[in-house]
Each structure stands twice: as C-alpha cells, then as structure tokens.
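Chemist: So here's work38.csv (CSV, C-alpha atoms).
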```csv
chain,number,residue,atom,x,y,z
A,1,MET,CA,204.7,107.1,111.7
A,2,LYS,CA,204.4,110.4,109.9
A,3,LYS,CA,206.9,113.3,110.2
A,4,VAL,CA,206.0,116.9,110.2
A,5,GLU,CA,207.5,117.2,106.7
A,6,ASP,CA,204.8,114.8,105.5
A,7,TYR,CA,202.2,117.5,106.2
A,8,VAL,CA,203.9,120.3,104.3
A,9,MET,CA,202.3,120.8,100.9
A,10,SER,CA,204.8,121.9,98.2
A,11,ILE,CA,203.2,124.0,95.5
A,12,PRO,CA,205.3,124.3,92.4
A,13,ASP,CA,205.6,127.6,90.5
A,14,PHE,CA,203.9,129.7,93.2
A,15,PRO,CA,204.0,132.7,93.4
A,16,GLU,CA,206.1,132.6,90.2
A,17,PRO,CA,207.7,130.0,87.9
A,18,GLY,CA,210.6,128.1,89.4
A,19,ILE,CA,209.6,128.7,93.0
A,20,ILE,CA,208.3,125.9,95.2
A,21,PHE,CA,206.0,127.3,97.9
A,22,ARG,CA,206.1,125.4,101.2
A,23,ASP,CA,202.6,125.7,102.6
A,24,VAL,CA,202.4,125.7,106.4
A,25,THR,CA,198.6,125.8,106.5
A,26,SER,CA,198.6,122.2,105.4
A,27,VAL,CA,200.6,121.4,108.6
A,28,ILE,CA,198.4,123.3,111.1
A,29,GLN,CA,195.0,122.1,109.7
A,30,HIS,CA,195.8,118.5,110.7
A,31,PRO,CA,195.9,117.8,114.5
A,32,GLU,CA,198.8,115.4,114.0
A,33,GLY,CA,200.8,117.9,111.9
A,34,LEU,CA,200.2,120.7,114.3
A,35,LYS,CA,201.3,118.5,117.2
A,36,LEU,CA,204.4,117.3,115.4
A,37,ALA,CA,205.3,121.0,114.5
A,38,ILE,CA,204.9,122.3,118.0
A,39,ASP,CA,206.7,119.3,119.6
A,40,GLY,CA,209.6,119.6,117.1
A,41,MET,CA,210.0,123.3,117.9
A,42,GLN,CA,209.7,122.6,121.6
A,43,ASP,CA,212.5,120.1,121.3
A,44,LEU,CA,214.7,122.8,119.9
A,45,LEU,CA,214.2,124.8,123.2
A,46,LYS,CA,214.8,121.9,125.7
A,47,ASP,CA,218.1,123.3,126.9
A,48,VAL,CA,217.5,127.0,126.4
A,49,ASP,CA,217.3,129.4,129.4
A,50,PHE,CA,214.9,132.2,128.4
A,51,ASP,CA,212.3,134.6,129.8
A,52,VAL,CA,210.0,135.4,126.9
A,53,ILE,CA,209.1,134.4,123.4
A,54,ALA,CA,208.7,136.9,120.6
A,55,GLY,CA,206.7,135.8,117.5
A,56,LEU,CA,206.6,137.4,114.1
A,57,GLU,CA,203.3,138.3,112.5
A,58,SER,CA,201.4,136.2,111.7
A,59,ARG,CA,202.5,132.6,111.6
A,60,GLY,CA,205.1,133.2,114.3
A,61,PHE,CA,202.0,133.9,116.5
A,62,VAL,CA,200.6,130.5,115.6
A,63,PHE,CA,203.8,128.6,116.7
A,64,GLY,CA,205.1,131.0,119.4
A,65,MET,CA,202.0,131.1,121.5
A,66,PRO,CA,201.8,127.4,122.3
A,67,LEU,CA,205.6,127.4,123.0
A,68,ALA,CA,205.2,130.3,125.4
A,69,TYR,CA,202.3,128.5,127.1
A,70,ASN,CA,204.2,125.1,127.3
A,71,ASN,CA,207.1,126.9,128.9
A,72,GLY,CA,205.2,129.2,131.3
A,73,LYS,CA,206.6,132.3,129.5
A,74,GLY,CA,205.1,135.5,128.2
A,75,PHE,CA,204.6,136.2,124.5
A,76,VAL,CA,205.5,139.3,122.6
A,77,MET,CA,203.9,140.1,119.3
A,78,VAL,CA,206.3,141.5,116.5
A,79,ARG,CA,203.8,143.2,114.2
A,80,LYS,CA,203.7,145.0,110.9
A,81,LYS,CA,204.0,148.7,111.3
A,82,GLY,CA,200.9,150.5,112.5
A,83,LYS,CA,199.2,147.6,114.1
A,84,LEU,CA,200.1,148.1,117.8
A,85,PRO,CA,198.1,150.6,119.9
A,86,ARG,CA,200.8,151.8,122.4
A,87,GLU,CA,204.2,153.4,122.0
A,88,THR,CA,206.4,151.2,119.8
A,89,VAL,CA,209.9,150.9,118.4
A,90,SER,CA,210.3,149.9,114.8
A,91,ALA,CA,212.9,148.5,112.4
A,92,SER,CA,212.9,148.5,108.6
A,93,TYR,CA,214.1,145.7,106.4
A,94,ALA,CA,214.6,145.1,102.6
A,95,LEU,CA,212.0,143.4,100.4
A,96,GLU,CA,212.6,142.3,96.9
A,97,TYR,CA,211.0,145.6,95.7
A,98,GLY,CA,211.3,148.1,98.4
A,99,THR,CA,211.2,148.0,102.2
A,100,ALA,CA,208.8,147.1,105.0
A,101,ALA,CA,208.9,147.7,108.8
A,102,ILE,CA,208.0,145.8,111.9
A,103,GLU,CA,207.5,147.0,115.4
A,104,ILE,CA,206.9,145.9,119.0
A,105,HIS,CA,205.6,147.8,122.1
A,106,LYS,CA,208.4,149.8,123.7
A,107,ASP,CA,207.7,148.1,127.0
A,108,ALA,CA,207.5,144.5,125.6
A,109,ILE,CA,211.1,143.6,126.3
A,110,GLN,CA,212.9,144.5,129.5
A,111,PRO,CA,216.6,145.1,129.7
A,112,GLY,CA,218.5,141.8,130.2
A,113,GLN,CA,215.5,139.6,129.3
A,114,ARG,CA,216.5,136.5,127.4
A,115,VAL,CA,214.4,136.2,124.3
A,116,VAL,CA,213.5,133.4,121.9
A,117,ILE,CA,212.3,134.5,118.5
A,118,VAL,CA,209.9,132.2,116.7
A,119,ASP,CA,208.6,132.2,113.1
A,120,ASP,CA,207.3,129.6,110.7
A,121,LEU,CA,209.9,130.0,107.9
A,122,ILE,CA,213.3,131.5,107.3
A,123,ALA,CA,214.0,132.5,103.7
A,124,THR,CA,216.3,135.5,103.2
A,125,GLY,CA,216.3,136.3,107.0
A,126,GLY,CA,215.5,140.1,106.7
A,127,THR,CA,212.4,140.1,108.8
A,128,VAL,CA,213.9,138.1,111.7
A,129,GLU,CA,217.1,140.2,111.5
A,130,ALA,CA,215.0,143.3,112.0
A,131,ALA,CA,213.2,141.6,115.0
A,132,CYS,CA,216.5,140.8,116.6
A,133,LYS,CA,217.5,144.5,116.3
A,134,LEU,CA,214.3,145.5,118.0
A,135,VAL,CA,214.8,143.1,120.9
A,136,GLU,CA,218.4,144.4,121.3
A,137,GLU,CA,217.4,148.0,121.0
A,138,LEU,CA,215.2,147.5,124.1
A,139,GLY,CA,218.0,145.8,125.9
A,140,GLY,CA,217.0,142.2,125.4
A,141,VAL,CA,219.3,139.3,124.5
A,142,VAL,CA,218.3,137.0,121.7
A,143,VAL,CA,219.3,133.6,123.0
A,144,LYS,CA,217.7,131.4,120.2
A,145,ILE,CA,215.8,131.8,117.0
A,146,VAL,CA,213.5,128.9,116.1
A,147,PHE,CA,211.8,128.2,112.7
A,148,LEU,CA,209.5,125.3,111.6
A,149,MET,CA,211.0,125.4,108.1
A,150,GLU,CA,214.1,126.7,106.5
A,151,LEU,CA,214.8,127.4,102.8
A,152,ALA,CA,218.6,127.0,102.9
A,153,GLY,CA,219.1,128.0,99.3
A,154,LEU,CA,218.1,131.5,100.1
A,155,GLU,CA,220.9,131.7,102.7
A,156,GLY,CA,219.0,133.5,105.4
A,157,ARG,CA,221.3,132.2,108.1
A,158,LYS,CA,224.1,134.5,106.8
A,159,LYS,CA,222.2,137.5,108.2
A,160,LEU,CA,221.8,135.7,111.5
A,161,GLU,CA,225.4,134.3,112.0
A,162,LYS,CA,225.8,135.8,115.4
A,163,TYR,CA,222.6,134.0,116.7
A,164,ASP,CA,221.8,130.4,117.7
A,165,VAL,CA,219.4,129.5,114.8
A,166,ALA,CA,217.5,126.2,114.5
A,167,SER,CA,214.8,124.8,112.3
A,168,VAL,CA,212.7,121.6,112.4
A,169,ILE,CA,212.7,121.1,108.7
A,170,CYS,CA,215.4,122.3,106.2
A,171,TYR,CA,214.8,122.4,102.5
A,172,GLU,CA,218.1,122.7,100.5
A,173,GLY,CA,216.6,124.7,97.7
A,174,LYS,CA,214.7,128.0,97.5
```
Kindly return the structure encoded in the file as structure tokens.

Modeler:
Amino acid sequence: MKKVEDYVMSIPDFPEPGIIFRDVTSVIQHPEGLKLAIDGMQDLLKDVDFDVIAGLESRGFVFGMPLAYNNGKGFVMVRKKGKLPRETVSASYALEYGTAAIEIHKDAIQPGQRVVIVDDLIATGGTVEAACKLVEELGGVVVKIVFLMELAGLEGRKKLEKYDVASVICYEGK
C-alpha cells in the first residue's frame, strides 16, 4: 500500500542548485495521492475543537476546503495583498529578498473563534506566522496549524513555537 510520500516528486536543483523541490502537484493529480493527503491531514484534526479553517493562498485552499467540508466548518481565504474585494486586514512578512503581505476580510474571523490554519508546506514559517497574526488581530484563537509537508531543515517551527503545529510528512533537509 502506497503512502502519501510516494506521490511527492522530488526535483533536485530547483529553483537553484542544492535545493530539492518537493512537488505537491504530483500528489493531487493522482486520486489515491489526494485521498491520502486529505485523510492524513484530517487525522491531525481528529481531537481538535475548532470553528473555522483558514487556508493560505493557493495550495492551502486545495487542502483546506475539503477539510472544512469534511468537518462541517466554514473556510476563510488568506490571500496575497490586493486580491480580496471587501475591507481587509493585512500582515507583512519577510522574503529572501524583500517583503510580501497577505490579508483576510476584516469580518472573516469573529472574536473568540477557534481557527485551524492549513497550508501545503512549512519552510521558513514566515507566511503562516503572518496568518496567525491576522487571525489574532481579529480576535480569533489559532488552535492548530496543519501542513501536508514540512522542511525541517529550514526551522520554520521556531517561528511558530507557541502554536500546535503538525505535518503529515517531514523532510529532514531543506
């Protein structure tokens, strides 16, 4: 029986020499891989009491929506700045060369709501750290952060030490 890891294609030297790119598209294009990924992430939520799932653009949408549906919860999109049509709150985070910003609708999270944040991959943790700040700025409580894959060598968990973080697959390197 295959594991979800068996569907992840590892591309050496992309986007630059020495990097191994972990390709999630190879997981979701296969029905079995997609099912294993969603089931694995669902297992990480089995004992979590939450009200809503927030997914980070764009692959967090791919995994967060079926999890929200499976659990009978709403879904909040965390998008790149300038993509949402109503009033938003935003947070900036550091990139390798500069900064970027994400935002959510100002009315997306209600005070006291228990929020699960979902994304496909944790690398340095900057984007999801910014998402946590947005949830908290609106009065929500981040009760769990779930990833399909983790690149442990980039130490993204250090930025998220105060949160309950889980991943289905953990790669030791970068």

Chemist: Could you give me, as a list in words, the residues that sit within 8 Å of (220.6, 135.6, 102.8) in the file's coordinates, counting only C-alpha atoms?

Modeler: Ala123, Thr124, Gly125, Gly126, Leu154, Glu155, Gly156, Arg157, Lys158 and Lys159 of chain A

Chemist: What is the distance between CA of Gly74 in chain A and CA of Leu121 in chain A, in Å to one decimal?

Modeler: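 That distance, rounded to one decimal, is 21.6 Å.
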
Chemist: What gap, in Å, lies between CA of Leu138 in chain A and CA of Asp51 in chain A?

Modeler: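 Straight-line distance from CA of Leu138 in chain A to CA of Asp51 in chain A works out to 14.4 Å.
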
Chemist: Looking at A:Ile28, A:Val141, A:Ala130, A:Val48, which one is nearest to Phe63 in chain A, with distances taken over only C-alpha atoms?

Modeler: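 Smallest separation from Phe63 in chain A among the options: A:Ile28.
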
Chemist: Of the candidates A:Lys162, A:His105, A:Arg114, A:Lys35, which one gets nearest to Gly140 in chain A if we count all atoms listed in the file?

Modeler: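 Among the listed residues, A:Arg114 lies closest to Gly140 in chain A.
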
Chemist: Report as a Markdown table the residues of range 125-167 of chain A within 12 Å of range 75-91 of chain A, each with its shortest atom pair and distance in Å (one decimal), using only C-alpha atoms, ordered by chain and increasing residue number.

Modeler:
```
| residue | atom | partner | partner_atom | distance |
| --- | --- | --- | --- | --- |
| A:Gly126 | CA | A:Ala91 | CA | 10.5 |
| A:Thr127 | CA | A:Ala91 | CA | 9.2 |
| A:Val128 | CA | A:Val78 | CA | 9.6 |
| A:Glu129 | CA | A:Ala91 | CA | 9.3 |
| A:Ala130 | CA | A:Ala91 | CA | 5.6 |
| A:Ala131 | CA | A:Val78 | CA | 7.1 |
| A:Cys132 | CA | A:Ala91 | CA | 9.5 |
| A:Lys133 | CA | A:Ala91 | CA | 7.2 |
| A:Leu134 | CA | A:Ala91 | CA | 6.5 |
| A:Val135 | CA | A:Val89 | CA | 9.5 |
| A:Glu136 | CA | A:Val89 | CA | 11.1 |
| A:Glu137 | CA | A:Val89 | CA | 8.5 |
| A:Leu138 | CA | A:Val89 | CA | 8.5 |
```

Chemist: Quick check, in Å to one decimal: how far apart do CA of Lys144 in chain A and CA of Lys3 in chain A lie?

Modeler: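 Interatomic distance here is 23.3 Å.
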
Chemist: Counting all atoms listed in the file, which residue out of A:Met9, A:Glu16, A:Asp43, A:Val142 sits closest to His30 in chain A?

Modeler: A:Met9

Chemist: Using only C-alpha atoms, can you tell me which of A:Leu56, A:Val4, A:Val143, A:Leu151 comes closest to Ala101 in chain A?

Modeler: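 Using only C-alpha atoms, the shortest distance to Ala101 in chain A belongs to A:Leu56.
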
Chemist: Just so I have it separately, write range 74-89 of chain A from the block I sent, keeping all heavy atoms, as a PDB file, in the first residue's frame.

Modeler:
```pdb
ATOM      1  N   GLY A  74     -16.796  26.417   8.188  1.00  0.00           N
ATOM      2  CA  GLY A  74     -16.566  27.419   7.157  1.00  0.00           C
ATOM      3  C   GLY A  74     -15.094  27.478   6.787  1.00  0.00           C
ATOM      4  O   GLY A  74     -14.233  26.909   7.474  1.00  0.00           O
ATOM      5  N   PHE A  75     -14.827  28.188   5.688  1.00  0.00           N
ATOM      6  CA  PHE A  75     -13.464  28.311   5.186  1.00  0.00           C
ATOM      7  C   PHE A  75     -13.150  29.784   4.932  1.00  0.00           C
ATOM      8  O   PHE A  75     -13.939  30.497   4.318  1.00  0.00           O
ATOM      9  CB  PHE A  75     -13.297  27.515   3.880  1.00  0.00           C
ATOM     10  CG  PHE A  75     -11.903  27.565   3.333  1.00  0.00           C
ATOM     11  CD1 PHE A  75     -10.910  26.769   3.872  1.00  0.00           C
ATOM     12  CD2 PHE A  75     -11.581  28.431   2.302  1.00  0.00           C
ATOM     13  CE1 PHE A  75      -9.614  26.827   3.386  1.00  0.00           C
ATOM     14  CE2 PHE A  75     -10.289  28.492   1.807  1.00  0.00           C
ATOM     15  CZ  PHE A  75      -9.302  27.678   2.343  1.00  0.00           C
ATOM     16  N   VAL A  76     -11.987  30.224   5.401  1.00  0.00           N
ATOM     17  CA  VAL A  76     -11.523  31.597   5.230  1.00  0.00           C
ATOM     18  C   VAL A  76     -10.287  31.588   4.331  1.00  0.00           C
ATOM     19  O   VAL A  76      -9.344  30.835   4.580  1.00  0.00           O
ATOM     20  CB  VAL A  76     -11.174  32.222   6.602  1.00  0.00           C
ATOM     21  CG1 VAL A  76     -10.512  33.580   6.423  1.00  0.00           C
ATOM     22  CG2 VAL A  76     -12.420  32.326   7.459  1.00  0.00           C
ATOM     23  N   MET A  77     -10.328  32.424   3.299  1.00  0.00           N
ATOM     24  CA  MET A  77      -9.177  32.535   2.400  1.00  0.00           C
ATOM     25  C   MET A  77      -8.194  33.584   2.914  1.00  0.00           C
ATOM     26  O   MET A  77      -8.578  34.724   3.160  1.00  0.00           O
ATOM     27  CB  MET A  77      -9.637  32.911   0.994  1.00  0.00           C
ATOM     28  CG  MET A  77     -10.412  31.817   0.310  1.00  0.00           C
ATOM     29  SD  MET A  77     -10.741  32.178  -1.428  1.00  0.00           S
ATOM     30  CE  MET A  77     -12.110  33.303  -1.265  1.00  0.00           C
ATOM     31  N   VAL A  78      -6.937  33.184   3.068  1.00  0.00           N
ATOM     32  CA  VAL A  78      -5.849  34.102   3.372  1.00  0.00           C
ATOM     33  C   VAL A  78      -5.140  34.330   2.044  1.00  0.00           C
ATOM     34  O   VAL A  78      -4.537  33.410   1.498  1.00  0.00           O
ATOM     35  CB  VAL A  78      -4.889  33.510   4.427  1.00  0.00           C
ATOM     36  CG1 VAL A  78      -3.773  34.499   4.739  1.00  0.00           C
ATOM     37  CG2 VAL A  78      -5.645  33.105   5.689  1.00  0.00           C
ATOM     38  N   ARG A  79      -5.254  35.566   1.529  1.00  0.00           N
ATOM     39  CA  ARG A  79      -4.806  35.837   0.161  1.00  0.00           C
ATOM     40  C   ARG A  79      -3.643  36.810   0.108  1.00  0.00           C
ATOM     41  O   ARG A  79      -3.379  37.540   1.055  1.00  0.00           O
ATOM     42  CB  ARG A  79      -5.967  36.428  -0.643  1.00  0.00           C
ATOM     43  CG  ARG A  79      -7.151  35.499  -0.681  1.00  0.00           C
ATOM     44  CD  ARG A  79      -7.782  35.239  -1.991  1.00  0.00           C
ATOM     45  NE  ARG A  79      -6.904  35.084  -3.115  1.00  0.00           N
ATOM     46  CZ  ARG A  79      -7.287  35.342  -4.366  1.00  0.00           C
ATOM     47  NH1 ARG A  79      -8.502  35.793  -4.620  1.00  0.00           N
ATOM     48  NH2 ARG A  79      -6.467  35.137  -5.363  1.00  0.00           N
ATOM     49  N   LYS A  80      -3.002  36.830  -1.042  1.00  0.00           N
ATOM     50  CA  LYS A  80      -1.979  37.833  -1.302  1.00  0.00           C
ATOM     51  C   LYS A  80      -2.653  39.194  -1.335  1.00  0.00           C
ATOM     52  O   LYS A  80      -3.819  39.324  -1.723  1.00  0.00           O
ATOM     53  CB  LYS A  80      -1.288  37.542  -2.630  1.00  0.00           C
ATOM     54  CG  LYS A  80      -0.507  36.255  -2.592  1.00  0.00           C
ATOM     55  CD  LYS A  80       0.055  35.893  -3.942  1.00  0.00           C
ATOM     56  CE  LYS A  80       0.749  34.541  -3.842  1.00  0.00           C
ATOM     57  NZ  LYS A  80       0.981  33.927  -5.142  1.00  0.00           N
ATOM     58  N   LYS A  81      -1.914  40.209  -0.916  1.00  0.00           N
ATOM     59  CA  LYS A  81      -2.458  41.563  -0.816  1.00  0.00           C
ATOM     60  C   LYS A  81      -3.062  42.017  -2.148  1.00  0.00           C
ATOM     61  O   LYS A  81      -2.511  41.779  -3.212  1.00  0.00           O
ATOM     62  CB  LYS A  81      -1.358  42.526  -0.381  1.00  0.00           C
ATOM     63  CG  LYS A  81      -1.877  43.901   0.001  1.00  0.00           C
ATOM     64  CD  LYS A  81      -0.825  44.675   0.748  1.00  0.00           C
ATOM     65  CE  LYS A  81      -1.310  46.027   1.141  1.00  0.00           C
ATOM     66  NZ  LYS A  81      -2.376  46.038   2.127  1.00  0.00           N
ATOM     67  N   GLY A  82      -4.243  42.620  -2.044  1.00  0.00           N
ATOM     68  CA  GLY A  82      -4.903  43.195  -3.212  1.00  0.00           C
ATOM     69  C   GLY A  82      -5.859  42.263  -3.938  1.00  0.00           C
ATOM     70  O   GLY A  82      -6.403  42.629  -4.982  1.00  0.00           O
ATOM     71  N   LYS A  83      -6.100  41.072  -3.420  1.00  0.00           N
ATOM     72  CA  LYS A  83      -6.938  40.086  -4.109  1.00  0.00           C
ATOM     73  C   LYS A  83      -8.357  39.982  -3.552  1.00  0.00           C
ATOM     74  O   LYS A  83      -9.211  39.377  -4.183  1.00  0.00           O
ATOM     75  CB  LYS A  83      -6.293  38.694  -4.048  1.00  0.00           C
ATOM     76  CG  LYS A  83      -4.927  38.617  -4.684  1.00  0.00           C
ATOM     77  CD  LYS A  83      -5.025  38.691  -6.167  1.00  0.00           C
ATOM     78  CE  LYS A  83      -3.668  38.474  -6.814  1.00  0.00           C
ATOM     79  NZ  LYS A  83      -3.746  38.527  -8.248  1.00  0.00           N
ATOM     80  N   LEU A  84      -8.592  40.526  -2.371  1.00  0.00           N
ATOM     81  CA  LEU A  84      -9.917  40.412  -1.743  1.00  0.00           C
ATOM     82  C   LEU A  84     -10.720  41.696  -1.958  1.00  0.00           C
ATOM     83  O   LEU A  84     -10.180  42.792  -1.841  1.00  0.00           O
ATOM     84  CB  LEU A  84      -9.773  40.105  -0.253  1.00  0.00           C
ATOM     85  CG  LEU A  84      -9.196  38.727   0.064  1.00  0.00           C
ATOM     86  CD1 LEU A  84      -8.872  38.609   1.548  1.00  0.00           C
ATOM     87  CD2 LEU A  84     -10.155  37.627  -0.363  1.00  0.00           C
ATOM     88  N   PRO A  85     -12.038  41.580  -2.226  1.00  0.00           N
ATOM     89  CA  PRO A  85     -12.830  42.740  -2.633  1.00  0.00           C
ATOM     90  C   PRO A  85     -13.375  43.620  -1.509  1.00  0.00           C
ATOM     91  O   PRO A  85     -13.739  44.761  -1.752  1.00  0.00           O
ATOM     92  CB  PRO A  85     -13.991  42.102  -3.398  1.00  0.00           C
ATOM     93  CG  PRO A  85     -14.175  40.772  -2.750  1.00  0.00           C
ATOM     94  CD  PRO A  85     -12.782  40.333  -2.384  1.00  0.00           C
ATOM     95  N   ARG A  86     -13.459  43.101  -0.290  1.00  0.00           N
ATOM     96  CA  ARG A  86     -14.028  43.897   0.799  1.00  0.00           C
ATOM     97  C   ARG A  86     -12.932  44.406   1.720  1.00  0.00           C
ATOM     98  O   ARG A  86     -11.752  44.169   1.477  1.00  0.00           O
ATOM     99  CB  ARG A  86     -15.053  43.054   1.570  1.00  0.00           C
ATOM    100  CG  ARG A  86     -16.214  42.578   0.698  1.00  0.00           C
ATOM    101  CD  ARG A  86     -17.362  41.943   1.488  1.00  0.00           C
ATOM    102  NE  ARG A  86     -16.986  41.130   2.630  1.00  0.00           N
ATOM    103  CZ  ARG A  86     -16.790  39.811   2.584  1.00  0.00           C
ATOM    104  NH1 ARG A  86     -16.897  39.160   1.439  1.00  0.00           N
ATOM    105  NH2 ARG A  86     -16.469  39.133   3.672  1.00  0.00           N
ATOM    106  N   GLU A  87     -13.344  45.071   2.803  1.00  0.00           N
ATOM    107  CA  GLU A  87     -12.376  45.605   3.756  1.00  0.00           C
ATOM    108  C   GLU A  87     -11.543  44.473   4.354  1.00  0.00           C
ATOM    109  O   GLU A  87     -12.087  43.431   4.749  1.00  0.00           O
ATOM    110  CB  GLU A  87     -13.106  46.369   4.854  1.00  0.00           C
ATOM    111  CG  GLU A  87     -12.178  47.135   5.758  1.00  0.00           C
ATOM    112  CD  GLU A  87     -12.925  47.975   6.788  1.00  0.00           C
ATOM    113  OE1 GLU A  87     -14.168  47.965   6.824  1.00  0.00           O
ATOM    114  OE2 GLU A  87     -12.222  48.621   7.592  1.00  0.00           O
ATOM    115  N   THR A  88     -10.243  44.676   4.429  1.00  0.00           N
ATOM    116  CA  THR A  88      -9.324  43.635   4.876  1.00  0.00           C
ATOM    117  C   THR A  88      -8.409  44.126   5.997  1.00  0.00           C
ATOM    118  O   THR A  88      -8.306  45.322   6.249  1.00  0.00           O
ATOM    119  CB  THR A  88      -8.425  43.152   3.718  1.00  0.00           C
ATOM    120  OG1 THR A  88      -7.629  44.255   3.266  1.00  0.00           O
ATOM    121  CG2 THR A  88      -9.229  42.579   2.572  1.00  0.00           C
ATOM    122  N   VAL A  89      -7.744  43.168   6.625  1.00  0.00           N
ATOM    123  CA  VAL A  89      -6.595  43.435   7.479  1.00  0.00           C
ATOM    124  C   VAL A  89      -5.418  42.717   6.832  1.00  0.00           C
ATOM    125  O   VAL A  89      -5.594  41.689   6.183  1.00  0.00           O
ATOM    126  CB  VAL A  89      -6.805  42.974   8.938  1.00  0.00           C
ATOM    127  CG1 VAL A  89      -7.877  43.808   9.618  1.00  0.00           C
ATOM    128  CG2 VAL A  89      -7.125  41.503   9.031  1.00  0.00           C
TER     129      VAL A  89
END
```
